[in-house]
Amino acid sequence: MPFRTAGYFVRVKSKSPESEQYLSASNRITGSIVIVIGALGLVDILLEWRTASGLLVGSVIGMFIVLAYVGLIRPSVTLSPEHLLLRNHLRDHQIPWSKVTGVDVTDILRIHTDGNRFRAPGVQLVMRDLRKQRVGGRKLSADSSISKADFVVNRIEHHQEQYAGKSQGEVVSGWAAPELIVFGVLAVIAVVAAVVR
């Protein structure tokens with residue numbers, strides 16, 4: 001069940017009412033538009049262009065759809081009592097709260113642990129807001145990317161204080177296997193179609 005908080009979508013999962021998910025709403029909208037346009041192109045190719053060349057073009061469009069999903073829709077930050085989950089473009093990092101030593105935002109959200117620093121592109125600053133902050137002339141609005149990022153930082157710090165004693169374990173990192181597999185299959189289809197035509 002999604003609702004909006006500080007300009008980010010917050011998705012509350014029914015299994016754990018305390019889970020919060022933060023992601024860039026503007027990136028999601030842009031990615032969704034690109035995917036819809038790509039899907040319409042695929043439907044047109046499927047209906048009108050049933051040749052090896054059509055298969056080549058369709059697989060290339062499919063690869064661009066996967067790239068749009070990975071680049072714009074996939075990145076997110078999920079907070080739960082058990083751990084902090086960072087979904088980056090191609091990697092996932094599941095970090096127990098006991099391992100989190102700090103959090104900050106430069107141009108992008110960064111989570112610090114004892115031996116590492118993880119970047120989270122699901123929460124990032126807009127250059128326009130950074131310039132306004134540096135100049136110091138106009139006051140930043142409540143819906144600026146800096147205000148939104150500060151809200152997420154505060155939520156992470158709150159979860160860290162509340163759950164660090166209960167959330168133990170090691171940092172677990174993994175690849176975005178489904179997205180990589182789909183992209184690889186489409187790339188192989190494109191190569192085969194290019195050779196056959």
# chains A, B, ... in the order shown; residues from 1 in each chain; ligands from 1
$ residues_around --residues "region 172-179 of chain A" --least-positions-apart "2" --cutoff "8 Å" --atoms "only C-alpha atoms" --output "list in words"
Val66, Val70, His89, Leu90, Arg91, Asp92, His93, Gln94, Ile95, Glu170, Ile181, Val182 and Phe183 of chain A
$ select_by_dssp --residues "region 47-144 of chain A" --states "alpha helix (DSSP H)" --output "ChimeraX atom specification"
/A:47-48,52-68,127-135
$ closest_residue --among "A:Leu180, A:Val171, A:Leu109, A:Val36" --to "Ser145 (chain A)" --atoms "only C-alpha atoms"
A:Leu109
$ atom_distance --atom1 "CA of Gly54 (chain A)" --atom2 "CA of Ile35 (chain A)"
18.5 Å
$ select_by_dssp --residues "chain A" --states "strand (DSSP E or B)" --output "ChimeraX atom specification"
/A:2-5,8-11,20-22,24,76-79,84-87,91-95,100-105,108-113,117-124,172-175
$ residues_around --residues "Thr106 (chain A)" --least-positions-apart "5" --cutoff "10 Å" --atoms "only C-alpha atoms" --output "list of chain:residue names"
A:Gln124, A:Leu125, A:Leu130, A:Ile146, A:Ala149
$ closest_residue --among "A:Val196, A:Ile29, A:Ala190, A:Ile73" --to "Ile61 (chain A)" --atoms "only C-alpha atoms"
A:Ala190
$ closest_residue --among "A:Arg155, A:Arg110, A:Arg28, A:Arg117" --to "Pro81 (chain A)" --atoms "only C-alpha atoms"
A:Arg155
